[in-house]
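Shown next: coords24.cif, given as mmCIF, C-alpha atoms.
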```cif
data_work
#
loop_
_atom_site.label_atom_id
_atom_site.label_comp_id
_atom_site.auth_asym_id
_atom_site.auth_seq_id
_atom_site.Cartn_x
_atom_site.Cartn_y
_atom_site.Cartn_z
CA MET Q 1 -117.77 23.66 -1.37
CA THR Q 2 -114.75 24.46 -3.56
CA TYR Q 3 -111.24 25.00 -2.22
CA SER Q 4 -108.33 27.02 -3.53
CA PRO Q 5 -105.22 24.83 -3.94
CA ASN Q 6 -103.00 27.63 -2.61
CA GLN Q 7 -104.77 28.06 0.74
CA VAL Q 8 -104.59 26.18 4.04
CA TYR Q 9 -107.79 24.47 5.22
CA PRO Q 10 -107.51 22.81 8.63
CA VAL Q 11 -110.96 21.17 8.55
CA ILE Q 12 -112.48 19.70 5.38
CA TRP Q 13 -114.96 16.99 4.51
CA HIS Q 14 -113.23 14.44 2.30
CA ASN Q 15 -113.97 10.85 1.32
CA ASP Q 16 -116.90 10.51 3.73
CA SER Q 17 -114.85 11.65 6.74
CA VAL Q 18 -113.33 14.80 8.23
CA SER Q 19 -109.74 15.53 7.32
CA LEU Q 20 -107.87 17.60 9.94
CA ILE Q 21 -104.43 19.11 9.61
CA ASP Q 22 -102.60 17.72 12.65
CA GLN Q 23 -101.42 21.01 14.14
CA THR Q 24 -99.43 19.23 16.84
CA LEU Q 25 -96.95 18.14 14.14
CA LEU Q 26 -96.32 21.57 12.60
CA PRO Q 27 -93.98 23.06 11.52
CA ASN Q 28 -91.76 19.99 11.14
CA GLU Q 29 -94.39 17.79 9.55
CA TYR Q 30 -97.47 18.63 7.49
CA GLY Q 31 -99.81 15.71 8.11
CA PHE Q 32 -103.50 14.92 8.32
CA VAL Q 33 -105.76 12.96 10.65
CA GLU Q 34 -108.88 11.30 9.26
CA ILE Q 35 -111.82 11.49 11.66
CA HIS Q 36 -114.67 8.99 11.23
CA ARG Q 37 -116.28 9.01 14.69
CA SER Q 38 -117.59 11.70 17.03
CA GLU Q 39 -115.43 10.42 19.90
CA ASP Q 40 -112.33 10.83 17.75
CA MET Q 41 -113.38 14.39 16.93
CA ALA Q 42 -113.80 15.17 20.63
CA ARG Q 43 -110.30 13.81 21.27
CA ALA Q 44 -108.85 15.85 18.39
CA ILE Q 45 -110.35 19.04 19.82
CA LYS Q 46 -109.22 18.26 23.36
CA THR Q 47 -105.64 17.45 22.33
CA MET Q 48 -105.43 20.47 20.00
CA ILE Q 49 -104.95 18.54 16.79
CA VAL Q 50 -107.48 21.14 15.70
CA ARG Q 51 -107.47 24.46 17.60
CA GLY Q 52 -108.54 28.06 17.22
CA ALA Q 53 -112.08 29.06 18.15
CA PRO Q 54 -113.64 29.19 14.64
CA ALA Q 55 -111.91 25.98 13.52
CA ILE Q 56 -113.10 24.26 16.70
CA GLY Q 57 -116.64 25.36 15.85
CA VAL Q 58 -116.41 23.90 12.35
CA ALA Q 59 -114.89 20.69 13.68
CA ALA Q 60 -117.60 20.37 16.32
CA ALA Q 61 -120.32 20.80 13.68
CA TYR Q 62 -118.86 17.90 11.71
CA GLY Q 63 -118.45 15.98 14.97
CA MET Q 64 -122.18 16.38 15.58
CA TYR Q 65 -122.92 14.95 12.15
CA LEU Q 66 -120.54 12.04 12.70
CA GLY Q 67 -122.30 11.36 16.00
CA ALA Q 68 -125.68 11.51 14.27
CA ARG Q 69 -124.48 9.09 11.66
CA GLU Q 70 -123.51 6.61 14.39
CA ILE Q 71 -127.00 6.55 15.94
CA GLU Q 72 -128.83 3.44 14.79
CA THR Q 73 -132.52 4.11 15.28
CA SER Q 74 -135.44 5.26 13.18
CA ASP Q 75 -137.27 6.68 16.19
CA ARG Q 76 -137.02 10.47 16.19
CA ASN Q 77 -137.18 10.99 19.96
CA GLU Q 78 -134.62 8.28 20.65
CA PHE Q 79 -132.36 9.79 17.98
CA LEU Q 80 -132.55 13.24 19.56
CA GLN Q 81 -131.78 11.83 23.01
CA HIS Q 82 -128.63 10.17 21.71
CA LEU Q 83 -127.66 13.32 19.80
CA GLU Q 84 -127.86 15.32 23.03
CA GLN Q 85 -125.27 12.95 24.49
CA VAL Q 86 -122.98 13.58 21.51
CA ALA Q 87 -123.43 17.32 22.02
CA GLN Q 88 -122.52 17.08 25.69
CA MET Q 89 -119.39 15.07 24.91
CA LEU Q 90 -118.21 17.70 22.42
CA ARG Q 91 -119.10 20.61 24.74
CA SER Q 92 -116.83 19.17 27.43
CA THR Q 93 -113.67 19.39 25.30
CA ARG Q 94 -112.73 23.12 25.48
CA PRO Q 95 -114.70 25.35 27.90
CA THR Q 96 -113.53 28.80 26.80
CA ALA Q 97 -114.03 28.80 23.01
CA VAL Q 98 -117.61 29.95 22.55
CA ASN Q 99 -117.67 29.03 18.84
CA LEU Q 100 -117.70 25.40 19.99
CA PHE Q 101 -120.95 25.91 21.88
CA TRP Q 102 -122.41 28.12 19.15
CA ALA Q 103 -121.86 25.47 16.46
CA ILE Q 104 -123.24 22.67 18.63
CA SER Q 105 -126.30 24.75 19.50
CA ARG Q 106 -126.92 25.47 15.84
CA MET Q 107 -126.68 21.78 15.00
CA MET Q 108 -129.07 20.83 17.81
CA LYS Q 109 -131.52 23.56 16.77
CA THR Q 110 -131.42 22.17 13.23
CA ALA Q 111 -132.09 18.69 14.56
CA TYR Q 112 -135.11 19.73 16.58
CA GLU Q 113 -136.60 21.89 13.84
CA THR Q 114 -136.10 19.49 10.92
CA LEU Q 115 -139.16 17.44 9.98
CA GLY Q 116 -139.11 14.09 8.23
CA THR Q 117 -137.39 10.78 8.80
CA VAL Q 118 -134.23 10.26 10.85
CA ALA Q 119 -132.37 9.67 7.58
CA GLU Q 120 -133.56 13.05 6.28
CA LEU Q 121 -132.61 14.65 9.57
CA LYS Q 122 -129.08 13.26 9.33
CA GLN Q 123 -128.74 14.65 5.79
CA THR Q 124 -129.86 18.08 6.97
CA LEU Q 125 -127.29 17.99 9.77
CA PHE Q 126 -124.57 17.20 7.25
CA GLU Q 127 -125.66 20.12 5.07
CA THR Q 128 -125.68 22.41 8.10
CA ALA Q 129 -122.12 21.42 9.05
CA GLN Q 130 -120.99 22.15 5.50
CA ALA Q 131 -122.77 25.51 5.64
CA ILE Q 132 -121.00 26.42 8.90
CA ASN Q 133 -117.71 25.55 7.23
CA ALA Q 134 -118.38 27.66 4.12
CA GLU Q 135 -119.78 30.58 6.11
CA ASP Q 136 -116.72 30.75 8.33
CA LEU Q 137 -114.43 31.03 5.33
CA GLN Q 138 -116.52 33.88 3.91
CA THR Q 139 -116.65 35.52 7.34
CA CYS Q 140 -112.87 35.49 7.71
CA GLN Q 141 -112.37 37.08 4.31
CA ALA Q 142 -114.82 39.83 5.31
CA ILE Q 143 -113.01 40.33 8.63
CA GLY Q 144 -109.72 40.68 6.79
CA ASP Q 145 -111.07 43.31 4.44
CA ASN Q 146 -112.88 45.20 7.23
CA GLY Q 147 -109.62 45.35 9.13
CA LEU Q 148 -108.13 47.46 6.36
CA THR Q 149 -110.58 50.27 7.18
CA VAL Q 150 -109.28 50.74 10.74
CA LEU Q 151 -105.56 50.06 10.46
CA PRO Q 152 -103.37 53.17 10.88
CA LYS Q 153 -103.00 55.20 7.67
CA ASN Q 154 -99.37 55.95 8.40
CA PRO Q 155 -96.90 54.64 7.62
CA GLU Q 156 -98.07 53.28 4.30
CA LYS Q 157 -96.49 49.89 5.02
CA LEU Q 158 -97.22 48.70 8.54
CA THR Q 159 -95.54 46.34 10.94
CA ILE Q 160 -98.20 44.35 12.77
CA LEU Q 161 -97.69 42.36 15.96
CA THR Q 162 -99.87 39.33 16.65
CA HIS Q 163 -100.10 36.84 19.50
CA CYS Q 164 -100.84 33.11 19.28
CA ASN Q 165 -102.26 31.91 15.95
CA ALA Q 166 -105.47 33.33 14.54
CA GLY Q 167 -104.76 32.39 10.96
CA ALA Q 168 -106.08 29.92 8.42
CA LEU Q 169 -105.14 27.10 10.79
CA ALA Q 170 -107.45 28.51 13.49
CA THR Q 171 -110.45 28.95 11.20
CA ALA Q 172 -112.02 27.35 8.13
CA GLY Q 173 -109.29 29.18 6.16
CA TYR Q 174 -107.83 32.70 5.69
CA GLY Q 175 -107.95 33.58 9.39
CA THR Q 176 -109.17 36.39 11.64
CA ALA Q 177 -106.12 38.31 12.90
CA LEU Q 178 -104.03 36.84 10.09
CA GLY Q 179 -106.96 37.49 7.79
CA VAL Q 180 -106.34 41.20 8.44
CA VAL Q 181 -102.64 40.57 7.83
CA ARG Q 182 -103.37 38.75 4.55
CA SER Q 183 -105.63 41.54 3.32
CA ALA Q 184 -103.03 44.16 4.27
CA TRP Q 185 -100.35 42.17 2.43
CA ARG Q 186 -102.57 41.86 -0.64
CA GLU Q 187 -103.15 45.62 -0.71
CA GLY Q 188 -99.49 46.54 -0.24
CA ARG Q 189 -100.08 47.88 3.30
CA LEU Q 190 -97.94 45.39 5.17
CA ALA Q 191 -94.18 45.57 5.71
CA ARG Q 192 -93.75 42.76 8.23
CA VAL Q 193 -95.43 40.63 10.87
CA PHE Q 194 -93.94 40.35 14.35
CA ALA Q 195 -95.15 37.09 15.88
CA ASP Q 196 -95.00 36.40 19.62
CA GLU Q 197 -93.83 32.82 20.14
CA THR Q 198 -96.78 32.35 22.55
CA ARG Q 199 -95.80 30.21 25.51
CA PRO Q 200 -96.39 27.54 26.55
CA ARG Q 201 -97.55 25.74 23.37
CA LEU Q 202 -95.70 28.06 20.96
CA GLN Q 203 -98.54 28.59 18.48
CA GLY Q 204 -96.88 31.77 17.25
CA ALA Q 205 -93.55 30.08 16.62
CA LYS Q 206 -94.98 26.88 15.18
CA LEU Q 207 -98.14 28.01 13.39
CA THR Q 208 -98.24 31.76 12.68
CA ALA Q 209 -94.64 31.76 11.48
CA TRP Q 210 -95.34 28.68 9.36
CA GLU Q 211 -98.37 30.28 7.69
CA CYS Q 212 -96.47 33.47 6.90
CA VAL Q 213 -93.52 31.55 5.44
CA GLN Q 214 -95.87 29.52 3.23
CA GLU Q 215 -97.23 32.72 1.67
CA GLY Q 216 -94.00 34.71 1.52
CA ILE Q 217 -95.17 37.24 4.12
CA PRO Q 218 -92.13 38.70 5.96
CA VAL Q 219 -92.27 37.51 9.56
CA THR Q 220 -90.05 38.07 12.59
CA LEU Q 221 -90.44 35.80 15.60
CA ILE Q 222 -89.96 37.22 19.10
CA THR Q 223 -90.40 35.77 22.56
CA ASP Q 224 -93.48 36.95 24.45
CA ASN Q 225 -91.46 39.12 26.83
CA MET Q 226 -89.92 41.10 23.93
CA ALA Q 227 -93.18 42.76 22.79
CA ALA Q 228 -92.94 45.85 25.00
CA HIS Q 229 -89.30 46.36 24.05
CA CYS Q 230 -90.15 46.20 20.34
CA MET Q 231 -92.93 48.73 20.84
CA LYS Q 232 -90.60 51.10 22.67
CA GLN Q 233 -88.13 50.81 19.77
CA GLY Q 234 -90.85 51.96 17.34
CA LEU Q 235 -90.94 48.60 15.56
CA ILE Q 236 -94.70 48.00 15.96
CA HIS Q 237 -97.44 50.11 14.37
CA ALA Q 238 -100.50 48.04 15.35
CA VAL Q 239 -101.46 44.87 17.23
CA VAL Q 240 -104.08 42.47 15.85
CA VAL Q 241 -105.11 39.36 17.79
CA GLY Q 242 -107.93 36.84 17.65
CA ALA Q 243 -110.40 35.84 20.35
CA ASP Q 244 -111.93 32.74 21.90
CA ARG Q 245 -114.81 34.50 23.60
CA ILE Q 246 -115.93 38.14 23.78
CA ALA Q 247 -118.35 39.37 26.44
CA ALA Q 248 -121.17 41.80 25.64
CA ASN Q 249 -119.13 44.75 26.95
CA GLY Q 250 -116.13 43.91 24.75
CA ASP Q 251 -113.93 42.19 27.34
CA THR Q 252 -112.05 39.56 25.34
CA ALA Q 253 -110.62 36.16 26.24
CA ASN Q 254 -107.70 35.13 24.07
CA LYS Q 255 -104.57 33.04 24.45
CA ILE Q 256 -102.68 33.66 27.69
CA GLY Q 257 -100.33 36.63 27.31
CA THR Q 258 -102.73 38.72 25.22
CA TYR Q 259 -103.59 40.91 28.21
CA SER Q 260 -99.91 41.76 28.71
CA VAL Q 261 -99.59 42.76 25.06
CA ALA Q 262 -102.65 45.00 25.34
CA ILE Q 263 -101.23 46.77 28.40
CA ALA Q 264 -97.93 47.35 26.58
CA ALA Q 265 -99.74 48.65 23.48
CA LYS Q 266 -101.76 51.09 25.59
CA ALA Q 267 -98.59 52.36 27.28
CA HIS Q 268 -97.00 53.04 23.90
CA ASN Q 269 -100.12 54.52 22.25
CA ILE Q 270 -100.32 51.69 19.72
CA PRO Q 271 -103.78 50.61 18.48
CA PHE Q 272 -104.86 47.18 19.70
CA PHE Q 273 -107.42 45.32 17.58
CA VAL Q 274 -109.35 42.11 18.14
CA ALA Q 275 -110.43 40.27 14.98
CA ALA Q 276 -113.21 37.72 15.43
CA PRO Q 277 -116.52 36.56 13.93
CA LEU Q 278 -119.72 37.64 15.64
CA SER Q 279 -120.23 34.02 16.68
CA THR Q 280 -117.36 34.60 19.14
CA VAL Q 281 -119.33 37.32 20.94
CA ASP Q 282 -121.25 35.85 23.88
CA PHE Q 283 -123.97 38.42 24.46
CA GLU Q 284 -125.26 36.41 27.43
CA LEU Q 285 -122.14 37.38 29.42
CA SER Q 286 -122.15 40.98 30.61
CA ASP Q 287 -118.38 41.18 31.16
CA GLY Q 288 -115.18 39.19 31.03
CA SER Q 289 -115.29 38.08 34.67
CA GLN Q 290 -117.96 35.56 33.62
CA ILE Q 291 -115.85 33.91 30.93
CA PRO Q 292 -114.71 30.41 32.00
CA ILE Q 293 -110.94 30.02 31.73
CA GLU Q 294 -109.58 26.62 30.78
CA GLU Q 295 -106.64 25.34 32.81
CA ARG Q 296 -104.50 22.84 30.96
CA ASP Q 297 -102.08 20.08 31.87
CA PRO Q 298 -98.94 21.44 33.61
CA THR Q 299 -96.71 19.33 31.37
CA GLU Q 300 -97.11 22.14 28.83
CA ILE Q 301 -95.05 24.30 31.19
CA TYR Q 302 -92.48 21.98 32.67
CA GLN Q 303 -91.67 19.65 29.79
CA VAL Q 304 -90.36 20.09 26.23
CA GLY Q 305 -90.30 16.81 24.39
CA ASN Q 306 -88.74 14.37 26.84
CA THR Q 307 -86.82 17.08 28.69
CA ILE Q 308 -88.03 18.16 32.17
CA LEU Q 309 -87.27 21.85 32.76
CA THR Q 310 -88.10 22.25 36.46
CA PRO Q 311 -87.03 20.75 39.80
CA GLU Q 312 -89.22 18.33 41.71
CA GLY Q 313 -91.56 19.93 44.22
CA VAL Q 314 -92.58 22.91 42.09
CA GLU Q 315 -96.28 23.66 41.79
CA PHE Q 316 -97.83 24.82 38.49
CA TYR Q 317 -100.59 27.11 37.25
CA ASN Q 318 -101.40 26.84 33.54
CA PRO Q 319 -104.41 28.91 32.43
CA ALA Q 320 -104.83 28.72 28.68
CA PHE Q 321 -106.41 32.17 28.33
CA ASP Q 322 -106.56 35.59 29.90
CA VAL Q 323 -109.13 38.38 29.56
CA THR Q 324 -108.25 41.74 28.04
CA PRO Q 325 -110.53 44.53 29.37
CA ALA Q 326 -112.54 46.42 26.77
CA ASN Q 327 -110.86 49.73 27.67
CA LEU Q 328 -107.60 48.43 26.21
CA ILE Q 329 -109.18 47.48 22.87
CA THR Q 330 -109.27 50.03 20.04
CA ALA Q 331 -111.83 48.13 17.95
CA ILE Q 332 -113.28 44.67 17.43
CA ILE Q 333 -113.15 43.72 13.75
CA THR Q 334 -116.04 41.49 12.65
CA GLU Q 335 -117.59 40.37 9.38
CA ASN Q 336 -120.10 43.22 9.76
CA GLY Q 337 -117.46 45.89 10.25
CA ALA Q 338 -115.20 47.22 13.00
CA PHE Q 339 -116.81 48.36 16.24
CA ALA Q 340 -115.62 50.02 19.40
CA PRO Q 341 -116.21 47.56 22.27
CA SER Q 342 -119.05 49.75 23.55
CA GLU Q 343 -120.80 49.44 20.17
CA LEU Q 344 -120.92 45.63 20.02
CA ALA Q 345 -124.70 45.72 20.52
CA LYS Q 346 -124.95 47.53 17.17
CA SER Q 347 -123.17 44.64 15.49
CA GLN Q 348 -125.76 42.27 16.93
CA VAL Q 349 -128.59 44.38 15.50
CA LYS Q 350 -126.90 44.48 12.11
CA GLN Q 351 -126.41 40.72 12.20
CA ALA Q 352 -130.12 40.17 12.85
CA VAL Q 353 -131.25 42.33 9.92
#
```
Let's see the structure in the file written out as structure tokens.
Amino acid sequence: MTYSPNQVYPVIWHNDSVSLIDQTLLPNEYGFVEIHRSEDMARAIKTMIVRGAPAIGVAAAYGMYLGAREIETSDRNEFLQHLEQVAQMLRSTRPTAVNLFWAISRMMKTAYETLGTVAELKQTLFETAQAINAEDLQTCQAIGDNGLTVLPKNPEKLTILTHCNAGALATAGYGTALGVVRSAWREGRLARVFADETRPRLQGAKLTAWECVQEGIPVTLITDNMAAHCMKQGLIHAVVVGADRIAANGDTANKIGTYSVAIAAKAHNIPFFVAAPLSTVDFELSDGSQIPIEERDPTEIYQVGNTILTPEGVEFYNPAFDVTPANLITAIITENGAFAPSELAKSQVKQAV
């Protein structure tokens, strides 16, 4: 797999290990973590060194290979039993991002269907992880270009609001929501990005803003509670966000606060788009009420660095995601095109062809 020197790649195979951009250090420090063991990959996913549903899927695929590489047996059945344990460890890291489960399932399916020695099986798993990595990059580029077909035609240069980070850092590269932004910028259709800071982990402030600055894309950072005001002032022409899991009816789980943005967009007659690969669509779930919502450590709310923000005795609720109902979504932009939420089944048929 070849890489462009001018693009950000959060997950790459390098020197017989996985190299992850440590996203917990951005934007102040651009550093990498080398992952050699499956347990270390699970920890990196859990602690959000790597985050974003597609990037988590790619990382998990490599984590499966690292786990396979650690299994010291030539007995096929024993190997598969140990690999199932690796899969379960990785599945337990982030419950909402369906790409994690999709990638692990694909790796396990490859393991069960591959004939030959355990050594040959391990090699096939490595090749499958690399394929998942390469495919995600191609998918994001297609999502970006398909987004151009549904963005408003007027004005010629758009201001797009996004929430959280669904850029190169959240994928194998290029991005989903920011993939649409990048394609719009390339084609001269973008005036500016408005980025919600995205409490409580500030992915918009730390990551989306950083990506835009790296590429010279004009970006304005706002706090989450400014989005409706900016819409009322006529500053926003479209909203494009990513997704961690999409139910069969189009209900979409994304970073907490997305639902509020969708409600505000609907009130101001602004189109609201979800950009995500088809691997993010969980056709086994009929609607968003069935999507598991991860609840994270309350320190994300009450502490910044070493500073405690709240008085003792306060209780906390820290869901990482919320679900935006399909009726608030204008279209879901995938690698196979843009679909109204009610037409997602057509995207599945097209994918199978």
Self-check item: Of the listed residues Q:Val50, Q:Leu285, Q:Leu309, Q:Ile332, that which approaches Ala248 (chain Q) most closely, counting only C-alpha atoms
Solution: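 Among the listed residues, Q:Leu285 lies closest to Ala248 (chain Q).
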Exercise. Give me, please, the distance in Å between CA of Asn225 (chain Q) and CA of Phe272 (chain Q), quoted to one decimal.
Key: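 The value is 17.2 Å.
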Given the PyMOL selection byres ((chain Q and resi 152) around 10) and the file above, list the residues it selects as a compact mmCIF listing (two decimals) with C-alpha atoms, in the frame of the given file.
```txt
# COMPACT_ATOMS: atom_id res chain seq x y z
CA LEU Q 148 -108.13 47.46 6.36
CA THR Q 149 -110.58 50.27 7.18
CA VAL Q 150 -109.28 50.74 10.74
CA LEU Q 151 -105.56 50.06 10.46
CA LYS Q 153 -103.00 55.20 7.67
CA ASN Q 154 -99.37 55.95 8.40
CA PRO Q 155 -96.90 54.64 7.62
CA GLU Q 156 -98.07 53.28 4.30
CA LYS Q 157 -96.49 49.89 5.02
CA LEU Q 158 -97.22 48.70 8.54
CA ARG Q 189 -100.08 47.88 3.30
CA HIS Q 237 -97.44 50.11 14.37
CA ALA Q 238 -100.50 48.04 15.35
CA ILE Q 270 -100.32 51.69 19.72
CA PRO Q 271 -103.78 50.61 18.48
```
Self-check item: Residues matched by the PyMOL selection byres ((chain Q and resi 299) around 10), written as a list in words
Solution: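 Evaluating the PyMOL selection byres ((chain Q and resi 299) around 10) on these coordinates yields Pro200, Arg296, Asp297, Pro298, Glu300, Ile301, Tyr302, Gln303, Val304, Gly305, Ile308, Leu309, Phe316 and Asn318 of chain Q.
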Practice problem: Please evaluate the PyMOL selection byres ((chain Q and resi 205-211) around 10) against the displayed coordinates and give the resulting residues as number ranges by chain. | Solution: Q: 7-8, 23-28, 162-170, 174, 178, 193-199, 201-204, 212-223
Self-check item: Nearest residue to Met89 (chain Q) from the set Q:Val118, Q:Ile160, Q:Ala111, Q:Ile45 (distances using all atoms listed in the file)
Solution: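 Nearest candidate to Met89 (chain Q) out of Q:Val118, Q:Ile160, Q:Ala111, Q:Ile45: Q:Ile45.
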Quiz item: So, counting all atoms listed in the file, which residue among Q:Ile132, Q:Ala172, Q:Leu83, Q:Ile56 is closest to Glu70 (chain Q)?
Solution: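 The shortest atom-to-atom distance to Glu70 (chain Q) comes from Q:Leu83.
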Quiz prompt | Which of Q:Ile35, Q:Ile21, Q:Met41, Q:Val98 sits closest to Gly57 (chain Q) [using all atoms listed in the file] | solution =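 Closest to Gly57 (chain Q) of all the choices is Q:Val98.
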Quiz item: Rounded to one decimal in Å, what is the spacing between CA of Gly144 (chain Q) and CA of Thr176 (chain Q)?
Solution: 6.5 Å
